[in-house]
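Student: Okay, handing you the structure first.
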Amino acid sequence: MTLDLTVLSQRLGANQVLTEAADMSKYLADPLGADVVAPLAVVRPDSTKAVADTVKWCTGHGIGIVVQGGLTGLVSGAVPVSSSPCLILSMERMRAVRDLDPVNQSITVEAGAVLADVKSVAEQAGLYLPLSHGGEGSSQIGGNLSTNAGGINALRYGTARDQVLGLEVVLPDGSIWNGLRKLRKNTAGYDLKHLFIGAEGTLGIITAAVLKLRPLPTQRATAWIALETPEAALSLLQILQTQLGETLSAFELLSHTAIDLALGMPGTRLPLDQPAPWYALIETETAAAAFALEPALLDSLGAALEAGLISDAVLAQSQAQRLAFWALREAIAAAFIEDKSSIKTDTAVPVSEIAASIHSTTGSLTAYLPGIRCAPFGHVGDGNIHFNVLRPETMTSAEFAKHVPGIRSILESEALKSGGTISAEHGIGTLKSKALAGTQDPIEREIMQRVRAAFDTGSCLNRSTTGL
């Protein structure tokens, strides 16, 4: 399709509408290697008005828009995969910190701001944005909110949704909703911001957000623990929550298969002398100087050891050792991305069902494909176990690829059987749109379709995402 982009180029400025293949290539680099269809152009607005102008232009020409953040998502939701003509709208130039309010403990940032940079600005003011995950060095605030990202601290602080006080959004008709309120309490009508958080850009384009901050922790205690079973991990979680309360901010369960894979990445080492079937990486933190955090954690681990729940543990003795623990944890995700044949998942079940779900899913997958290597790991405190899978060592990648649909079906059905979900923190994107349609309650799906139709009558925004 040939289209005159001159007017759009004039509105956005020189060199902000990219049409050459070489210029657009980096915007088509999907982490999962999706079959990306080249867009008509990549547009790079630098203001909310420029985003609104782009949306109006696209709507007027019947052109779809794929909104793109930092390209760290794992459901192929930020790249075009359909032959329908579209533009990629990259938020990378909208990175400003518009306001930092230490008294209100809030920060107002544009959607293209990188999560790690926002966290750094807050810390310089003695404040804390607790949203944290492996992609924070390049993921953008808009993408985090549009997918309702979770991460390692959701146990204590909640998901991305729980960090938001207000939003600014460009609607599908190009109008701008300014909901950048810094209020902690507001019952004046519908809380509209929650419609856009987790909507994956299908209802509007988030251009800025007011984020809730907390006091910066002054103490942290981090431990790497050896376990025999997932059941022991759940019992340990109960002990820690009872004895440490809300100072417990992270609890990661890691299978030996996942850790063995991670240990193949450069710069990693196992913190313990002996391997174990399962590991837990836990972290506690507090801003309260009066609370002795490390002794409290040691007492709790001592109780767990006496109860036979853990077989070994090591407490980080320095910031460098703490970071090494987390580097090994994050190396799991990197190793799975490097292994192109692996299957990466984002299911979640109620916390009480985690152990039973792990055993049931492992059994179902092994029966389906003997020799398959199950490598579950993830966030025990919120039930989000990433049940990733590796091909049998004797099977080629090409042969394994034939089994991927069947394996994904098992993973999704097992999660749903346990009262869970097929997507906990990465969204639906295009990868899971068919699965969503097949697993939703009919009334739930109808409500979502009504909402979508009310906002985006022409399905201009992220047409392929979620399949609604």
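Just remember, in the structure tokens the first chain shown is A, the second B, etc., residues are 1-based per chain, and ligands are 1-based in the order shown.
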Hey, what's within 7 Å of region 286-295 of chain A if we count only C-alpha atoms and toss same-chain stuff fewer than 6 positions away? As a list in words, please?

Tutor: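 Answer for this query is Pro215, Leu216, Pro217, Thr218, Gln219, Arg220, Ala221 and Thr247 of chain A.
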
Student: Would you kindly return, as number ranges by chain, each protein, DNA or RNA residue with an atom no farther than 8 Å from any atom of region 82-87 of chain A, considering only C-alpha atoms and excluding same-chain residues fewer than 2 positions away?

Tutor: A: 1, 36-37, 39-43, 63-66, 80, 89, 464

Student: Now that the selection is made, can you save its residues with N, CA and C atoms as a PDB file, in the first residue's frame?

Tutor:
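Printed below is again22.pdb as written:
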ATOM      1  N   MET A   1       0.849  -1.208   0.000  1.00  0.00           N
ATOM      2  CA  MET A   1       0.000   0.000   0.000  1.00  0.00           C
ATOM      3  C   MET A   1       0.878   1.248   0.000  1.00  0.00           C
ATOM      4  N   VAL A  36       7.198 -11.013  11.710  1.00  0.00           N
ATOM      5  CA  VAL A  36       6.779  -9.618  11.703  1.00  0.00           C
ATOM      6  C   VAL A  36       6.517  -9.151  10.272  1.00  0.00           C
ATOM      7  N   VAL A  37       5.411  -8.437  10.091  1.00  0.00           N
ATOM      8  CA  VAL A  37       5.072  -7.840   8.806  1.00  0.00           C
ATOM      9  C   VAL A  37       5.518  -6.382   8.828  1.00  0.00           C
ATOM     10  N   PRO A  39       5.722  -2.589   8.696  1.00  0.00           N
ATOM     11  CA  PRO A  39       4.685  -1.546   8.720  1.00  0.00           C
ATOM     12  C   PRO A  39       4.912  -0.544   7.600  1.00  0.00           C
ATOM     13  N   LEU A  40       3.943   0.323   7.402  1.00  0.00           N
ATOM     14  CA  LEU A  40       4.116   1.399   6.433  1.00  0.00           C
ATOM     15  C   LEU A  40       5.216   2.353   6.894  1.00  0.00           C
ATOM     16  N   ALA A  41       5.323   2.532   8.195  1.00  0.00           N
ATOM     17  CA  ALA A  41       6.322   3.446   8.751  1.00  0.00           C
ATOM     18  C   ALA A  41       6.421   3.233  10.254  1.00  0.00           C
ATOM     19  N   VAL A  42       7.484   3.748  10.832  1.00  0.00           N
ATOM     20  CA  VAL A  42       7.620   3.854  12.285  1.00  0.00           C
ATOM     21  C   VAL A  42       7.582   5.337  12.622  1.00  0.00           C
ATOM     22  N   VAL A  43       6.643   5.726  13.482  1.00  0.00           N
ATOM     23  CA  VAL A  43       6.544   7.129  13.875  1.00  0.00           C
ATOM     24  C   VAL A  43       7.022   7.278  15.309  1.00  0.00           C
ATOM     25  N   ILE A  63      -5.775   3.461   8.881  1.00  0.00           N
ATOM     26  CA  ILE A  63      -4.506   2.783   9.136  1.00  0.00           C
ATOM     27  C   ILE A  63      -4.444   2.339  10.593  1.00  0.00           C
ATOM     28  N   GLY A  64      -4.034   1.121  10.813  1.00  0.00           N
ATOM     29  CA  GLY A  64      -3.897   0.622  12.169  1.00  0.00           C
ATOM     30  C   GLY A  64      -2.651   1.149  12.854  1.00  0.00           C
ATOM     31  N   ILE A  65      -2.631   1.051  14.171  1.00  0.00           N
ATOM     32  CA  ILE A  65      -1.495   1.508  14.973  1.00  0.00           C
ATOM     33  C   ILE A  65      -1.061   0.380  15.893  1.00  0.00           C
ATOM     34  N   VAL A  66       0.218   0.070  15.877  1.00  0.00           N
ATOM     35  CA  VAL A  66       0.807  -0.856  16.846  1.00  0.00           C
ATOM     36  C   VAL A  66       1.670  -0.020  17.783  1.00  0.00           C
ATOM     37  N   PRO A  80       3.899  -5.651  14.408  1.00  0.00           N
ATOM     38  CA  PRO A  80       2.805  -6.037  13.520  1.00  0.00           C
ATOM     39  C   PRO A  80       2.986  -7.461  12.990  1.00  0.00           C
ATOM     40  N   LEU A  89       3.898   2.939  16.381  1.00  0.00           N
ATOM     41  CA  LEU A  89       4.028   4.185  17.116  1.00  0.00           C
ATOM     42  C   LEU A  89       4.954   3.927  18.303  1.00  0.00           C
ATOM     43  N   SER A 464      -4.402  -6.703  16.297  1.00  0.00           N
ATOM     44  CA  SER A 464      -4.197  -8.144  16.479  1.00  0.00           C
ATOM     45  C   SER A 464      -4.109  -8.536  17.946  1.00  0.00           C
TER      46      SER A 464
END

Student: Each residue of region 350-401 of chain A with at least one atom at most 12 Å from region 410-431 of chain A should appear once, together with its nearest atom pair and the corresponding distance in Å (one decimal); atoms considered: only C-alpha atoms; ordering: chain, then increasing residue number; output as a Markdown table.

Tutor:
| residue | atom | partner | partner_atom | distance |
| --- | --- | --- | --- | --- |
| A:Pro350 | CA | A:Gly420 | CA | 6.4 |
| A:Val351 | CA | A:Gly420 | CA | 9.7 |
| A:Ser352 | CA | A:Ser418 | CA | 9.7 |
| A:Glu353 | CA | A:Ser418 | CA | 6.5 |
| A:Ile354 | CA | A:Ser418 | CA | 8.6 |
| A:Ala355 | CA | A:Ser418 | CA | 10.6 |
| A:Ala356 | CA | A:Ser418 | CA | 8.4 |
| A:Ser357 | CA | A:Ser418 | CA | 6.5 |
| A:Ile358 | CA | A:Glu414 | CA | 9.1 |
| A:His359 | CA | A:Glu414 | CA | 10.3 |
| A:Ser360 | CA | A:Glu414 | CA | 7.4 |
| A:Thr361 | CA | A:Glu414 | CA | 6.0 |
| A:Thr362 | CA | A:Leu411 | CA | 9.3 |
| A:Gly363 | CA | A:Ile410 | CA | 10.5 |
| A:Ser364 | CA | A:Ile410 | CA | 7.2 |
| A:Leu365 | CA | A:Ile410 | CA | 7.0 |
| A:Thr366 | CA | A:Ile410 | CA | 10.7 |
| A:Ala367 | CA | A:Ile410 | CA | 10.8 |
| A:Tyr368 | CA | A:Ile410 | CA | 8.9 |
| A:Leu369 | CA | A:Ile410 | CA | 11.2 |
| A:Cys374 | CA | A:Leu411 | CA | 11.0 |
| A:Pro376 | CA | A:Leu411 | CA | 11.2 |
| A:Gly378 | CA | A:Ala424 | CA | 11.2 |
| A:His379 | CA | A:Ala424 | CA | 10.5 |
| A:Asp382 | CA | A:Ala424 | CA | 9.4 |
| A:Gly383 | CA | A:Gly420 | CA | 8.7 |
| A:Asn384 | CA | A:Ala424 | CA | 6.3 |
| A:Ile385 | CA | A:Ala424 | CA | 9.1 |
| A:His386 | CA | A:Ala424 | CA | 9.3 |
| A:Phe387 | CA | A:Leu411 | CA | 7.6 |
| A:Asn388 | CA | A:Leu411 | CA | 9.2 |
| A:Val389 | CA | A:Leu411 | CA | 9.7 |

Student: Atoms to include: N, CA, C and O atoms. Write the selected residues as a compact mmCIF listing (two decimals), in the first residue's frame.

Tutor:
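See selection16.txt below for the written result:
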# COMPACT_ATOMS: atom_id res chain seq x y z
N PRO A 350 -3.86 -19.94 42.06
CA PRO A 350 -3.87 -19.52 43.46
C PRO A 350 -2.64 -20.06 44.19
O PRO A 350 -2.20 -21.18 43.91
N VAL A 351 -2.10 -19.29 45.10
CA VAL A 351 -0.87 -19.69 45.78
C VAL A 351 -1.00 -21.08 46.40
O VAL A 351 -0.08 -21.91 46.33
N SER A 352 -2.15 -21.37 46.98
CA SER A 352 -2.36 -22.66 47.63
C SER A 352 -2.32 -23.83 46.66
O SER A 352 -2.14 -24.98 47.07
N GLU A 353 -2.47 -23.56 45.36
CA GLU A 353 -2.50 -24.62 44.35
C GLU A 353 -1.16 -24.81 43.64
O GLU A 353 -1.06 -25.67 42.75
N ILE A 354 -0.15 -24.04 44.00
CA ILE A 354 1.11 -24.07 43.25
C ILE A 354 1.73 -25.46 43.20
O ILE A 354 2.07 -25.98 42.13
N ALA A 355 1.91 -26.09 44.35
CA ALA A 355 2.59 -27.39 44.39
C ALA A 355 1.82 -28.44 43.60
O ALA A 355 2.40 -29.16 42.77
N ALA A 356 0.52 -28.53 43.84
CA ALA A 356 -0.29 -29.52 43.12
C ALA A 356 -0.27 -29.26 41.63
O ALA A 356 -0.20 -30.20 40.82
N SER A 357 -0.30 -27.99 41.22
CA SER A 357 -0.29 -27.65 39.80
C SER A 357 1.03 -28.02 39.15
O SER A 357 1.07 -28.52 38.02
N ILE A 358 2.14 -27.78 39.86
CA ILE A 358 3.45 -28.14 39.32
C ILE A 358 3.52 -29.65 39.07
O ILE A 358 3.96 -30.11 38.01
N HIS A 359 3.09 -30.44 40.05
CA HIS A 359 3.14 -31.89 39.90
C HIS A 359 2.22 -32.37 38.79
O HIS A 359 2.59 -33.23 37.97
N SER A 360 1.00 -31.84 38.74
CA SER A 360 0.04 -32.25 37.73
C SER A 360 0.51 -31.89 36.33
O SER A 360 0.42 -32.70 35.39
N THR A 361 1.03 -30.67 36.17
CA THR A 361 1.49 -30.23 34.86
C THR A 361 2.70 -31.03 34.40
O THR A 361 2.79 -31.43 33.23
N THR A 362 3.61 -31.30 35.32
CA THR A 362 4.78 -32.12 34.99
C THR A 362 4.35 -33.50 34.51
O THR A 362 4.85 -34.02 33.51
N GLY A 363 3.40 -34.10 35.22
CA GLY A 363 2.91 -35.42 34.84
C GLY A 363 2.25 -35.42 33.47
O GLY A 363 2.49 -36.32 32.65
N SER A 364 1.43 -34.42 33.20
CA SER A 364 0.73 -34.35 31.92
C SER A 364 1.69 -34.14 30.76
O SER A 364 1.55 -34.75 29.69
N LEU A 365 2.69 -33.28 30.96
CA LEU A 365 3.65 -33.03 29.89
C LEU A 365 4.53 -34.24 29.63
O LEU A 365 4.83 -34.58 28.47
N THR A 366 4.95 -34.93 30.70
CA THR A 366 5.79 -36.11 30.55
C THR A 366 5.04 -37.23 29.84
O THR A 366 5.61 -37.96 29.01
N ALA A 367 3.76 -37.36 30.14
CA ALA A 367 2.95 -38.38 29.47
C ALA A 367 2.77 -38.03 27.99
O ALA A 367 2.76 -38.93 27.13
N TYR A 368 2.66 -36.76 27.70
CA TYR A 368 2.48 -36.32 26.31
C TYR A 368 3.76 -36.48 25.51
O TYR A 368 3.73 -36.93 24.35
N LEU A 369 4.90 -36.14 26.11
CA LEU A 369 6.18 -36.19 25.39
C LEU A 369 7.27 -36.66 26.35
O LEU A 369 7.89 -35.86 27.04
N CYS A 374 11.00 -30.12 32.12
CA CYS A 374 10.17 -29.09 32.75
C CYS A 374 11.04 -28.23 33.66
O CYS A 374 11.82 -28.75 34.46
N PRO A 376 9.99 -25.21 35.80
CA PRO A 376 9.16 -24.17 36.41
C PRO A 376 9.98 -23.27 37.34
O PRO A 376 10.88 -23.73 38.04
N GLY A 378 9.57 -19.01 39.37
CA GLY A 378 8.83 -17.76 39.40
C GLY A 378 8.37 -17.33 40.76
O GLY A 378 8.95 -17.71 41.79
N HIS A 379 7.31 -16.55 40.77
CA HIS A 379 6.90 -15.76 41.92
C HIS A 379 5.88 -16.53 42.77
O HIS A 379 4.68 -16.47 42.52
N ASP A 382 2.70 -14.66 44.57
CA ASP A 382 1.48 -14.26 43.85
C ASP A 382 1.02 -15.35 42.89
O ASP A 382 0.16 -15.11 42.04
N GLY A 383 1.57 -16.56 43.01
CA GLY A 383 1.09 -17.69 42.24
C GLY A 383 1.55 -17.75 40.80
O GLY A 383 1.14 -18.64 40.05
N ASN A 384 2.41 -16.83 40.41
CA ASN A 384 2.84 -16.71 39.01
C ASN A 384 4.10 -17.54 38.75
O ASN A 384 5.21 -17.03 38.77
N ILE A 385 3.90 -18.83 38.54
CA ILE A 385 5.02 -19.72 38.21
C ILE A 385 5.14 -19.81 36.69
O ILE A 385 4.21 -20.23 36.00
N HIS A 386 6.29 -19.44 36.17
CA HIS A 386 6.56 -19.56 34.73
C HIS A 386 6.94 -21.01 34.45
O HIS A 386 8.06 -21.42 34.73
N PHE A 387 6.00 -21.76 33.92
CA PHE A 387 6.25 -23.18 33.68
C PHE A 387 6.90 -23.33 32.30
O PHE A 387 6.25 -23.72 31.31
N ASN A 388 8.18 -23.02 32.23
CA ASN A 388 8.90 -23.10 30.97
C ASN A 388 9.31 -24.53 30.67
O ASN A 388 9.47 -25.35 31.58
N VAL A 389 9.52 -24.81 29.39
CA VAL A 389 9.76 -26.18 28.95
C VAL A 389 10.90 -26.22 27.94
O VAL A 389 10.99 -25.36 27.06

Student: Using only C-alpha atoms, what table do you get, as a Markdown table, when you list each residue of region 182-242 of chain A with an atom no more than 6 Å from region 108-114 of chain A, its nearest pair of atoms, and their distance in Å rounded to one decimal, rows by chain then rising number?

Tutor:
| residue | atom | partner | partner_atom | distance |
| --- | --- | --- | --- | --- |
| A:Thr207 | CA | A:Ala111 | CA | 4.8 |
| A:Ala208 | CA | A:Glu110 | CA | 4.0 |
| A:Ala209 | CA | A:Thr108 | CA | 5.5 |
| A:Val210 | CA | A:Thr108 | CA | 4.2 |

Student: Write a file of the just-selected residues containing all heavy atoms, as a short mmCIF file (atom, residue, chain, number, x, y, z; two decimals), in the first residue's frame.

Tutor:
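This went into selection.cif:
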data_model
loop_
_atom_site.label_atom_id
_atom_site.label_comp_id
_atom_site.auth_asym_id
_atom_site.auth_seq_id
_atom_site.Cartn_x
_atom_site.Cartn_y
_atom_site.Cartn_z
N THR A 207 0.09 7.98 27.59
CA THR A 207 1.19 8.89 27.26
C THR A 207 1.93 9.40 28.50
O THR A 207 3.07 9.88 28.38
CB THR A 207 0.67 10.09 26.46
OG1 THR A 207 -0.46 10.66 27.14
CG2 THR A 207 0.24 9.65 25.06
N ALA A 208 1.30 9.32 29.67
CA ALA A 208 1.96 9.74 30.91
C ALA A 208 1.23 9.11 32.08
O ALA A 208 0.08 8.69 31.96
CB ALA A 208 1.98 11.26 31.05
N ALA A 209 1.93 9.06 33.22
CA ALA A 209 1.34 8.45 34.41
C ALA A 209 1.87 9.10 35.67
O ALA A 209 3.03 9.53 35.72
CB ALA A 209 1.64 6.95 34.44
N VAL A 210 1.00 9.18 36.67
CA VAL A 210 1.42 9.55 38.02
C VAL A 210 1.61 8.24 38.79
O VAL A 210 0.66 7.46 38.93
CB VAL A 210 0.37 10.42 38.74
CG1 VAL A 210 0.90 10.84 40.12
CG2 VAL A 210 0.03 11.63 37.91
#

Student: Closest to Gln241 (chain A) among A:Leu390, A:Leu155, A:Ala149, A:Ala327, using only C-alpha atoms?

Tutor: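 Once distances to Gln241 (chain A) are computed over only C-alpha atoms, the minimum belongs to A:Leu155.
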
Student: I want to know what sits within 10 Å of Thr466 (chain A), based on only C-alpha atoms, with residues of the same chain fewer than 2 positions away left out; could you give that as a list in words?

Tutor: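 Surrounding residues, per the criterion: Gly77, Ala199, Glu200, Gly201, Thr202, Gly427, Ile428, Gly429, Thr430, Leu431, Lys432, Ser433, Lys434, Ala435, Leu436, Ala437, Asn462, Arg463, Ser464 and Leu468 of chain A.
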
Student: Would you save the residues from that selection as a CSV table (one decimal), in the first residue's frame, using N, CA, C and O atoms?

Tutor:
chain,number,residue,atom,x,y,z
A,77,GLY,N,3.3,-8.7,21.3
A,77,GLY,CA,2.2,-7.7,21.2
A,77,GLY,C,2.6,-6.3,20.7
A,77,GLY,O,1.7,-5.4,20.6
A,199,ALA,N,-4.8,-3.1,29.3
A,199,ALA,CA,-5.6,-3.2,28.1
A,199,ALA,C,-4.7,-3.4,26.8
A,199,ALA,O,-5.2,-3.5,25.7
A,200,GLU,N,-3.4,-3.4,27.0
A,200,GLU,CA,-2.5,-3.6,25.9
A,200,GLU,C,-2.7,-2.7,24.7
A,200,GLU,O,-2.5,-3.1,23.6
A,201,GLY,N,-3.0,-1.4,25.0
A,201,GLY,CA,-3.1,-0.4,24.0
A,201,GLY,C,-4.3,-0.5,23.1
A,201,GLY,O,-4.4,0.1,22.1
A,202,THR,N,-5.3,-1.3,23.5
A,202,THR,CA,-6.5,-1.5,22.6
A,202,THR,C,-7.6,-0.5,22.9
A,202,THR,O,-8.5,-0.4,22.1
A,427,GLY,N,0.6,-10.2,29.5
A,427,GLY,CA,-0.4,-9.9,28.6
A,427,GLY,C,-0.8,-11.0,27.7
A,427,GLY,O,-0.3,-12.1,27.8
A,428,ILE,N,-1.7,-10.6,26.7
A,428,ILE,CA,-2.1,-11.6,25.7
A,428,ILE,C,-1.4,-11.4,24.4
A,428,ILE,O,-1.0,-12.4,23.8
A,429,GLY,N,-1.2,-10.2,24.0
A,429,GLY,CA,-0.5,-9.9,22.7
A,429,GLY,C,-1.2,-10.6,21.6
A,429,GLY,O,-2.4,-10.8,21.5
A,430,THR,N,-0.4,-11.1,20.6
A,430,THR,CA,-0.9,-11.9,19.5
A,430,THR,C,-0.7,-13.3,19.7
A,430,THR,O,-1.4,-14.2,19.2
A,431,LEU,N,0.3,-13.7,20.6
A,431,LEU,CA,0.6,-15.1,20.8
A,431,LEU,C,-0.5,-15.8,21.5
A,431,LEU,O,-0.7,-17.0,21.2
A,432,LYS,N,-1.2,-15.2,22.4
A,432,LYS,CA,-2.3,-15.9,23.2
A,432,LYS,C,-3.7,-15.4,22.8
A,432,LYS,O,-4.6,-15.8,23.6
A,433,SER,N,-3.8,-14.7,21.7
A,433,SER,CA,-5.2,-14.2,21.4
A,433,SER,C,-6.2,-15.3,21.1
A,433,SER,O,-7.3,-15.3,21.6
A,434,LYS,N,-5.8,-16.4,20.4
A,434,LYS,CA,-6.7,-17.5,20.2
A,434,LYS,C,-7.0,-18.3,21.5
A,434,LYS,O,-8.1,-18.7,21.7
A,435,ALA,N,-5.9,-18.4,22.3
A,435,ALA,CA,-6.2,-19.1,23.6
A,435,ALA,C,-7.1,-18.4,24.5
A,435,ALA,O,-8.0,-19.0,25.1
A,436,LEU,N,-7.0,-17.0,24.5
A,436,LEU,CA,-7.9,-16.2,25.3
A,436,LEU,C,-9.4,-16.4,24.8
A,436,LEU,O,-10.3,-16.6,25.6
A,437,ALA,N,-9.6,-16.4,23.5
A,437,ALA,CA,-10.9,-16.6,23.0
A,437,ALA,C,-11.5,-18.0,23.3
A,437,ALA,O,-12.7,-18.1,23.6
A,462,ASN,N,-3.8,-1.5,18.0
A,462,ASN,CA,-3.4,-2.8,18.3
A,462,ASN,C,-4.4,-3.9,17.8
A,462,ASN,O,-4.9,-4.7,18.6
A,463,ARG,N,-4.7,-3.9,16.5
A,463,ARG,CA,-5.8,-4.7,16.0
A,463,ARG,C,-5.6,-6.2,16.3
A,463,ARG,O,-6.6,-6.9,16.6
A,464,SER,N,-4.4,-6.7,16.3
A,464,SER,CA,-4.2,-8.1,16.5
A,464,SER,C,-4.1,-8.5,17.9
A,464,SER,O,-4.3,-9.7,18.3
A,468,LEU,N,-9.7,-9.2,20.6
A,468,LEU,CA,-11.1,-8.8,20.9
A,468,LEU,C,-11.7,-7.9,19.7
A,468,LEU,O,-10.9,-7.2,19.0

Student: If you run DSSP on this backbone, which residues of region 158-334 of chain A come out as alpha helix (DSSP H), and could you give them as a PyMOL selection string?

Tutor: chain A and resi 193-196+230-244+256-262+293-306+319-334

Student: For Val121 (chain A), please output as a count of residues only all residues within 9 Å (counting only C-alpha atoms; exclusion window: fewer than 5 positions along the same chain).

Tutor: 4

Student: Using only C-alpha atoms, which residues sit within 10 Å of region 179-193 of chain A once same-chain residues fewer than 6 positions away are excluded, as a short mmCIF file (atom, residue, chain, number, x, y, z; two decimals) with N, CA, C and O atoms, in the first residue's frame?

Tutor:
data_model
loop_
_atom_site.label_atom_id
_atom_site.label_comp_id
_atom_site.auth_asym_id
_atom_site.auth_seq_id
_atom_site.Cartn_x
_atom_site.Cartn_y
_atom_site.Cartn_z
N ASP A 101 7.05 14.81 43.41
CA ASP A 101 6.46 15.42 44.59
C ASP A 101 6.83 14.59 45.82
O ASP A 101 6.16 13.59 46.13
N ASN A 104 3.96 14.29 48.54
CA ASN A 104 2.88 13.41 48.10
C ASN A 104 3.40 12.00 47.78
O ASN A 104 2.62 11.08 47.58
N GLN A 105 4.70 11.87 47.73
CA GLN A 105 5.35 10.61 47.36
C GLN A 105 4.81 10.09 46.04
O GLN A 105 4.27 8.99 45.92
N SER A 106 4.99 10.94 45.01
CA SER A 106 4.54 10.57 43.67
C SER A 106 5.49 11.15 42.63
O SER A 106 6.20 12.13 42.89
N ILE A 107 5.47 10.52 41.46
CA ILE A 107 6.29 11.00 40.34
C ILE A 107 5.45 10.90 39.08
O ILE A 107 4.74 9.90 38.87
N THR A 108 5.49 11.94 38.26
CA THR A 108 4.74 11.97 37.01
C THR A 108 5.73 11.86 35.86
O THR A 108 6.62 12.70 35.72
N ARG A 161 -0.40 -2.07 38.14
CA ARG A 161 -1.67 -1.39 38.42
C ARG A 161 -1.67 -0.72 39.79
O ARG A 161 -2.25 0.36 39.97
N VAL A 164 -0.14 3.04 40.36
CA VAL A 164 -0.63 4.16 39.55
C VAL A 164 -1.67 4.98 40.31
O VAL A 164 -2.63 4.45 40.86
N LEU A 165 -1.47 6.30 40.29
CA LEU A 165 -2.45 7.23 40.84
C LEU A 165 -3.26 7.90 39.74
O LEU A 165 -4.45 8.19 39.93
N GLY A 166 -2.64 8.15 38.60
CA GLY A 166 -3.35 8.83 37.51
C GLY A 166 -2.71 8.55 36.17
O GLY A 166 -1.57 8.13 36.09
N LEU A 167 -3.46 8.81 35.10
CA LEU A 167 -2.99 8.57 33.74
C LEU A 167 -3.36 9.72 32.81
O LEU A 167 -4.34 10.43 33.04
N GLU A 168 -2.58 9.85 31.76
CA GLU A 168 -2.94 10.67 30.60
C GLU A 168 -3.01 9.70 29.42
O GLU A 168 -2.10 8.89 29.22
N VAL A 169 -4.10 9.78 28.64
CA VAL A 169 -4.34 8.80 27.58
C VAL A 169 -4.85 9.49 26.33
O VAL A 169 -5.73 10.35 26.40
N ILE A 206 -1.51 5.16 26.46
CA ILE A 206 -1.03 5.83 27.66
C ILE A 206 0.17 6.69 27.28
O ILE A 206 1.15 6.20 26.72
N ALA A 208 1.30 9.32 29.67
CA ALA A 208 1.96 9.74 30.91
C ALA A 208 1.23 9.11 32.08
O ALA A 208 0.08 8.69 31.96
N ALA A 209 1.93 9.06 33.22
CA ALA A 209 1.34 8.45 34.41
C ALA A 209 1.87 9.10 35.67
O ALA A 209 3.03 9.53 35.72
N VAL A 210 1.00 9.18 36.67
CA VAL A 210 1.42 9.55 38.02
C VAL A 210 1.61 8.24 38.79
O VAL A 210 0.66 7.46 38.93
N LEU A 211 2.83 8.01 39.26
CA LEU A 211 3.15 6.76 39.94
C LEU A 211 3.31 6.99 41.44
O LEU A 211 3.87 8.00 41.88
N LYS A 212 2.85 6.04 42.20
CA LYS A 212 2.94 6.08 43.65
C LYS A 212 4.34 5.66 44.09
O LYS A 212 4.87 4.64 43.62
#

Student: With a distance cut-off of 12 Å and only C-alpha atoms, select the neighbouring residues of Gln10 (chain A), excluding the residue or stretch itself and same-chain residues fewer than 3 positions from it, and output the selection as a PyMOL selection string.

Tutor: chain A and resi 4-7+13-17+43+45+50+53-54+57

Student: Could those residues be written to a file, using N, CA and C atoms, as a CSV table (one decimal), in the first residue's frame?

Tutor:
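Written output follows (selection.csv):
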chain,number,residue,atom,x,y,z
A,4,ASP,N,0.8,8.7,1.2
A,4,ASP,CA,1.6,9.9,1.3
A,4,ASP,C,1.7,10.3,2.8
A,5,LEU,N,2.9,10.2,3.3
A,5,LEU,CA,3.1,10.5,4.7
A,5,LEU,C,3.6,11.9,5.0
A,6,THR,N,3.6,12.8,4.0
A,6,THR,CA,4.1,14.1,4.1
A,6,THR,C,3.5,14.9,5.2
A,7,VAL,N,2.2,14.9,5.3
A,7,VAL,CA,1.5,15.7,6.3
A,7,VAL,C,1.9,15.2,7.7
A,13,GLY,N,7.8,16.3,12.8
A,13,GLY,CA,9.1,16.8,12.6
A,13,GLY,C,10.0,16.0,11.8
A,14,ALA,N,11.1,16.6,11.3
A,14,ALA,CA,12.0,15.9,10.4
A,14,ALA,C,12.5,14.6,11.0
A,15,ASN,N,12.6,13.6,10.2
A,15,ASN,CA,13.2,12.3,10.6
A,15,ASN,C,12.5,11.5,11.7
A,16,GLN,N,11.2,11.9,11.9
A,16,GLN,CA,10.5,11.2,13.0
A,16,GLN,C,9.4,10.2,12.4
A,17,VAL,N,9.4,10.2,11.1
A,17,VAL,CA,8.6,9.2,10.4
A,17,VAL,C,9.5,8.3,9.5
A,43,VAL,N,6.6,5.7,13.5
A,43,VAL,CA,6.5,7.1,13.9
A,43,VAL,C,7.0,7.3,15.3
A,45,PRO,N,6.7,10.1,17.9
A,45,PRO,CA,6.2,11.4,18.5
A,45,PRO,C,7.0,11.7,19.8
A,50,ALA,N,1.5,15.3,19.7
A,50,ALA,CA,2.0,14.6,18.5
A,50,ALA,C,1.4,13.2,18.4
A,53,ASP,N,-2.1,13.7,17.2
A,53,ASP,CA,-2.1,14.0,15.7
A,53,ASP,C,-1.9,12.8,14.9
A,54,THR,N,-1.0,11.9,15.4
A,54,THR,CA,-0.8,10.6,14.7
A,54,THR,C,-2.0,9.7,14.7
A,57,TRP,N,-4.6,11.1,12.3
A,57,TRP,CA,-4.2,10.9,10.9
A,57,TRP,C,-4.5,9.4,10.5

Student: Using only C-alpha atoms, can you tell me which of A:Pro275, A:Val349, A:Ala122, A:Glu393 comes closest to Leu263 (chain A)?

Tutor: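 Smallest separation from Leu263 (chain A) among the options: A:Pro275.
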
Student: Check the smallest atom-to-atom distance from each of A:Ala320, A:Ser342, A:Ala331, A:Pro392 to Met265 (chain A) using only C-alpha atoms, then report the winner.

Tutor: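 For Met265 (chain A), the nearest of the given residues is A:Ala331.
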
Student: If we count only C-alpha atoms, what is near Ile225 (chain A) at a cut-off of 7 Å, once residues fewer than 6 positions away on the same chain are taken out, given as number ranges by chain?

Tutor: A: 279-281, 310, 312-314
